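Visitor: Pasting a structure here, questions to come.
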Amino acid sequence: MSFLSTFRLSLFGEPRVRGYVHDSQSGDTQSVQRYCTTSLAFLHQQGMINLSASPASWYIGLVWYDSSSSADVLDLFHFSNYQGWPGNPDVRNFVVHHGVYQPGPITCTQGIILLGQEEQLRRRTSSLEHYLQQTVDLDLINKLL
């Protein structure tokens with residue numbers, strides 16, 4: 001198992017969502033981005049996230065396919081409320097399963113490894129804007145899995 005690719009989506013006119021596509025996901029990058037965008041809109045409409053909130057926040061999404069239920073899944077992590085960079089941001093999580101919010105497990109251990117690498121990268125950058133322009137090394141992450 002591995003992560004195949006990464007993509008970015010913009011909020012506030014800037015890239016604020018970094019997405020990772022797991023190899024269990026068979027869709028093309030455009031369909032995965034559409035699923036991620038639709039899921040963000042759903043969470044916003046339900047009042048779970050506020051896409052018009054402070055630009056001092058960002059999201060990391062892990063998109064994968066659950067073969068047991070034949071459904072696309074988005075493990076979404078919202079980072080916000082940090083004091084000074086790099087700070088210690090609050091992290092909220094959401095799981096969208098086949099387009100519907102599902103409470104329960106937040107992600108798998110592969111997701112935890114990826115988030116750990118993201119955090120190491122973030123702490124080595126000079127600002128949120130600098131961090132959002134960077135990406136973690138997928139080859140390195142996949143060697144850790």
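By order of appearance in the structure tokens: chains A, B, ..., then residues from 1 within every chain, and ligands from 1 in the order shown.
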Counting only C-alpha atoms, what is within 10 Å of Asp137 (chain A), bar same-chain residues fewer than 4 positions away, as a list of chain:residue names?

Guide: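 Listed by chain and then number, they are A:Leu114, A:Gln117, A:Glu118, A:Leu121, A:Ile141, A:Asn142.
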
Visitor: Could the residues in this selection be written to a file with N, CA and C atoms, as a compact mmCIF listing (two decimals), in the first residue's frame?

Guide:
# COMPACT_ATOMS: atom_id res chain seq x y z
N LEU A 114 1.85 9.63 7.36
CA LEU A 114 1.85 10.77 6.44
C LEU A 114 1.69 12.08 7.21
N GLN A 117 4.92 13.12 8.85
CA GLN A 117 5.86 13.71 7.90
C GLN A 117 5.44 15.14 7.53
N GLU A 118 4.14 15.36 7.39
CA GLU A 118 3.63 16.72 7.13
C GLU A 118 4.03 17.66 8.27
N LEU A 121 7.68 18.57 8.17
CA LEU A 121 7.89 19.58 7.12
C LEU A 121 7.43 20.95 7.59
N ILE A 141 7.77 8.71 2.28
CA ILE A 141 6.59 8.22 3.01
C ILE A 141 6.31 6.77 2.65
N ASN A 142 6.34 6.47 1.36
CA ASN A 142 6.02 5.11 0.94
C ASN A 142 7.06 4.09 1.42

Visitor: Would you return as a PyMOL selection string the members of chain A that DSSP assigns to strand (DSSP E) on this structure's backbone?

Guide: chain A and resi 3-11+14-22+58-66+71-80+90-97+100-101

Visitor: With C-alpha atoms kept, could you save the residues just selected as a CSV table (one decimal), in the first residue's frame?

Guide:
chain,number,residue,atom,x,y,z
A,3,PHE,CA,0.3,7.0,-1.7
A,4,LEU,CA,0.2,7.6,-5.4
A,5,SER,CA,0.0,11.4,-5.8
A,6,THR,CA,-0.8,14.7,-4.2
A,7,PHE,CA,-3.0,17.6,-5.2
A,8,ARG,CA,-3.9,21.1,-4.0
A,9,LEU,CA,-7.2,22.9,-3.8
A,10,SER,CA,-7.6,26.6,-3.2
A,11,LEU,CA,-9.6,28.4,-0.5
A,14,GLU,CA,-4.7,30.4,-2.0
A,15,PRO,CA,-3.8,26.7,-1.8
A,16,ARG,CA,-5.3,25.7,1.5
A,17,VAL,CA,-6.1,22.0,1.0
A,18,ARG,CA,-3.4,19.4,0.3
A,19,GLY,CA,-4.8,16.1,-0.7
A,20,TYR,CA,-3.1,12.7,-1.0
A,21,VAL,CA,-4.4,9.8,-3.1
A,22,HIS,CA,-4.0,6.4,-1.7
A,58,TRP,CA,-5.5,24.6,6.3
A,59,TYR,CA,-6.6,21.1,5.5
A,60,ILE,CA,-4.9,17.8,4.7
A,61,GLY,CA,-7.1,15.2,3.1
A,62,LEU,CA,-6.3,11.5,2.5
A,63,VAL,CA,-8.5,10.0,-0.2
A,64,TRP,CA,-8.9,6.2,-0.4
A,65,TYR,CA,-11.3,3.5,-1.4
A,66,ASP,CA,-13.1,1.2,1.0
A,71,ALA,CA,-17.1,3.7,-1.3
A,72,ASP,CA,-14.7,6.6,-1.7
A,73,VAL,CA,-13.5,7.9,1.7
A,74,LEU,CA,-11.9,11.2,2.6
A,75,ASP,CA,-10.1,11.4,5.9
A,76,LEU,CA,-9.9,15.2,6.4
A,77,PHE,CA,-7.8,17.1,9.0
A,78,HIS,CA,-8.4,20.8,9.7
A,79,PHE,CA,-5.5,22.7,11.3
A,80,SER,CA,-6.1,26.1,12.9
A,90,ASP,CA,-5.5,22.6,16.9
A,91,VAL,CA,-6.5,19.6,14.7
A,92,ARG,CA,-10.0,18.5,14.0
A,93,ASN,CA,-10.8,15.5,11.9
A,94,PHE,CA,-13.7,14.4,9.7
A,95,VAL,CA,-14.3,11.2,7.8
A,96,VAL,CA,-16.6,11.5,4.8
A,97,HIS,CA,-17.6,8.0,3.6
A,100,VAL,CA,-21.6,11.4,4.1
A,101,TYR,CA,-19.9,12.3,7.4

Visitor: Mind pulling up the distance from CA of Glu119 (chain A) to CA of Gly87 (chain A)?

Guide: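 These two atoms are separated by 11.2 Å.
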
Visitor: Write out as a ChimeraX atom specification each polymer residue whose atoms come within 10 Å of Glu129 (chain A), counting only C-alpha atoms; drop sequence neighbours fewer than 2 positions from it.

Guide: /A:14-16,56,125-127,131-134

Visitor: Save out the residues we just selected, C-alpha atoms, as a tab-separated table (two decimals), in the first residue's frame.

Guide:
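Saved as selection.tsv:
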chain	number	residue	atom	x	y	z
A	14	GLU	CA	-4.69	30.42	-2.05
A	15	PRO	CA	-3.85	26.71	-1.83
A	16	ARG	CA	-5.33	25.68	1.53
A	56	ALA	CA	-4.84	31.12	8.91
A	125	THR	CA	9.18	26.22	7.23
A	126	SER	CA	9.16	29.95	7.93
A	127	SER	CA	5.42	30.64	7.49
A	131	TYR	CA	4.61	25.54	4.16
A	132	LEU	CA	1.64	25.39	1.79
A	133	GLN	CA	3.97	25.68	-1.21
A	134	GLN	CA	5.99	22.64	-0.06
